[in-house]
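> This one is protein08.txt, compact mmCIF, C-alpha atoms.
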```txt
# COMPACT_ATOMS: atom_id res chain seq x y z
CA MET A 51 0.00 0.00 0.00
CA MET A 52 1.40 3.41 -1.00
CA PHE A 53 1.06 6.44 1.26
CA PRO A 54 1.08 10.00 -0.13
CA THR A 55 4.34 11.81 0.53
CA PHE A 56 2.84 14.16 3.11
CA LEU A 57 1.53 11.19 5.12
CA VAL A 58 4.90 9.45 5.00
CA SER A 59 6.62 12.50 6.47
CA LEU A 60 3.95 12.80 9.19
CA CYS A 61 4.22 9.11 10.00
CA LEU A 62 7.97 9.30 10.43
CA ALA A 63 7.35 11.69 13.31
CA ALA A 64 4.43 9.65 14.76
CA PRO A 65 4.11 6.11 13.34
CA CYS A 66 0.55 5.26 12.31
CA GLU A 67 1.12 1.61 13.11
CA LEU A 68 0.83 2.46 16.80
CA CYS A 69 -2.80 3.53 16.46
CA TYR A 70 -5.28 1.57 14.35
CA CYS A 71 -7.26 3.84 11.98
CA ASP A 72 -5.13 6.94 12.68
CA LEU A 73 -4.56 7.71 9.00
CA SER A 74 -3.36 11.27 9.66
CA CYS A 75 -0.84 10.11 12.31
CA ASP A 76 -1.89 12.78 14.79
CA GLY A 77 -2.79 10.53 17.73
CA TRP A 78 -6.52 11.06 17.21
CA ILE A 79 -9.04 9.24 15.03
CA GLY A 80 -11.27 12.00 13.74
CA VAL A 81 -12.34 14.18 10.83
CA GLU A 82 -8.95 14.17 9.06
CA ASP A 83 -8.89 10.37 9.09
CA LEU A 84 -12.47 10.24 7.83
CA ALA A 85 -11.55 12.57 4.94
CA ILE A 86 -8.63 10.33 3.98
CA LEU A 87 -10.83 7.23 4.16
CA LEU A 88 -13.60 8.79 2.05
CA GLY A 89 -11.04 10.03 -0.48
CA ASP A 90 -9.78 6.46 -0.85
CA TRP A 91 -13.26 4.92 -1.16
CA GLY A 92 -13.20 2.01 -3.61
CA THR A 93 -9.40 1.91 -3.82
CA ASP A 94 -6.64 0.10 -1.95
CA GLY A 95 -5.20 3.37 -0.58
CA PRO A 96 -4.36 4.20 3.04
CA GLY A 97 -8.07 4.33 3.89
CA ASP A 98 -8.20 0.55 3.52
CA VAL A 99 -7.54 0.03 7.23
CA ASP A 100 -8.70 -3.59 7.32
CA GLY A 101 -6.35 -4.60 4.48
CA SER A 102 -9.11 -6.13 2.36
CA GLY A 103 -7.81 -4.52 -0.83
CA GLU A 104 -10.62 -1.98 -1.12
CA CYS A 105 -11.65 0.90 1.09
CA GLY A 106 -15.34 0.58 1.92
CA GLY A 107 -18.00 0.10 4.57
CA ALA A 108 -15.96 -2.19 6.83
CA ASP A 109 -13.17 0.40 6.97
CA LEU A 110 -15.67 3.15 7.77
CA ALA A 111 -17.14 1.02 10.56
CA ALA A 112 -13.66 0.40 12.01
CA LEU A 113 -12.84 4.09 11.93
CA MET A 114 -16.11 5.08 13.58
CA THR A 115 -15.68 2.38 16.27
CA ASN A 116 -12.21 3.74 17.12
CA TRP A 117 -13.19 7.44 16.94
CA GLY A 118 -11.40 9.62 19.46
CA PRO A 119 -7.95 9.65 21.02
CA CYS A 120 -5.64 6.73 20.35
CA GLN A 121 -5.89 4.14 23.10
CA ASN A 122 -2.42 2.57 22.67
```
As structure tokens, what does this structure read like?

Amino acid sequence: MMFPTFLVSLCLAAPCELCYCDLSCDGWIGVEDLAILLGDWGTDGPGDVDGSGECGGADLAALMTNWGPCQN
């Protein structure tokens, strides 16, 4: 999966892998992450948080379930 350059630089400062669904790497699952997910809808971009190969309803459900500050 390829991340846009601006996300890669953000993730170097705060690795996304530490917080499931934190696509913006800011320690919070919120509006920015939702925008990334919706922008990737139907693709295999970073919004595909469940790794199914396509960003869709299951990814949206995961993001909404984890909404708020990272718990890790």
> Which residues come within 9 Å of Ala112 (chain A), counting all atoms listed in the file, excluding same-chain residues fewer than 2 positions away, as number ranges by chain?
A: 70-71, 99-100, 107-110, 114-117
> Taking all atoms listed in the file into account, name the residue in A:Leu73, A:Ala111, A:Leu68, A:Cys120 that is nearest to Ala85 (chain A).
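Checking each of A:Leu73, A:Ala111, A:Leu68, A:Cys120 against Ala85 (chain A), counting all atoms listed in the file, the winner is A:Leu73.
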> One decimal, Å: what's the distance from CA of Ile79 (chain A) over to CA of Pro96 (chain A), could you say?
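Result for CA of Ile79 (chain A) versus CA of Pro96 (chain A): 13.8 Å, one decimal.
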> Report, in Å to a single decimal, how far apart CA of Leu113 (chain A) and CA of Gly89 (chain A) are.
13.9 Å
> Counting only C-alpha atoms, write as a PyMOL selection string all protein and nucleic acid residues lying at most 12 Å from (-7.1, 12.8, 5.2) in the file's frame.
chain A and resi 53-54+56-57+60+71-76+79-91+95-97
> Could you work out an axis-aligned box for region 68-73 of chain A, taking every atom the file lists and adding 8 Å on each side, and report centre and edge lengths in Å to one decimal, as JSON?

```
{"center_x": -3.2, "center_y": 4.6, "center_z": 12.9, "size_x": 24.1, "size_y": 22.1, "size_z": 23.8}
```
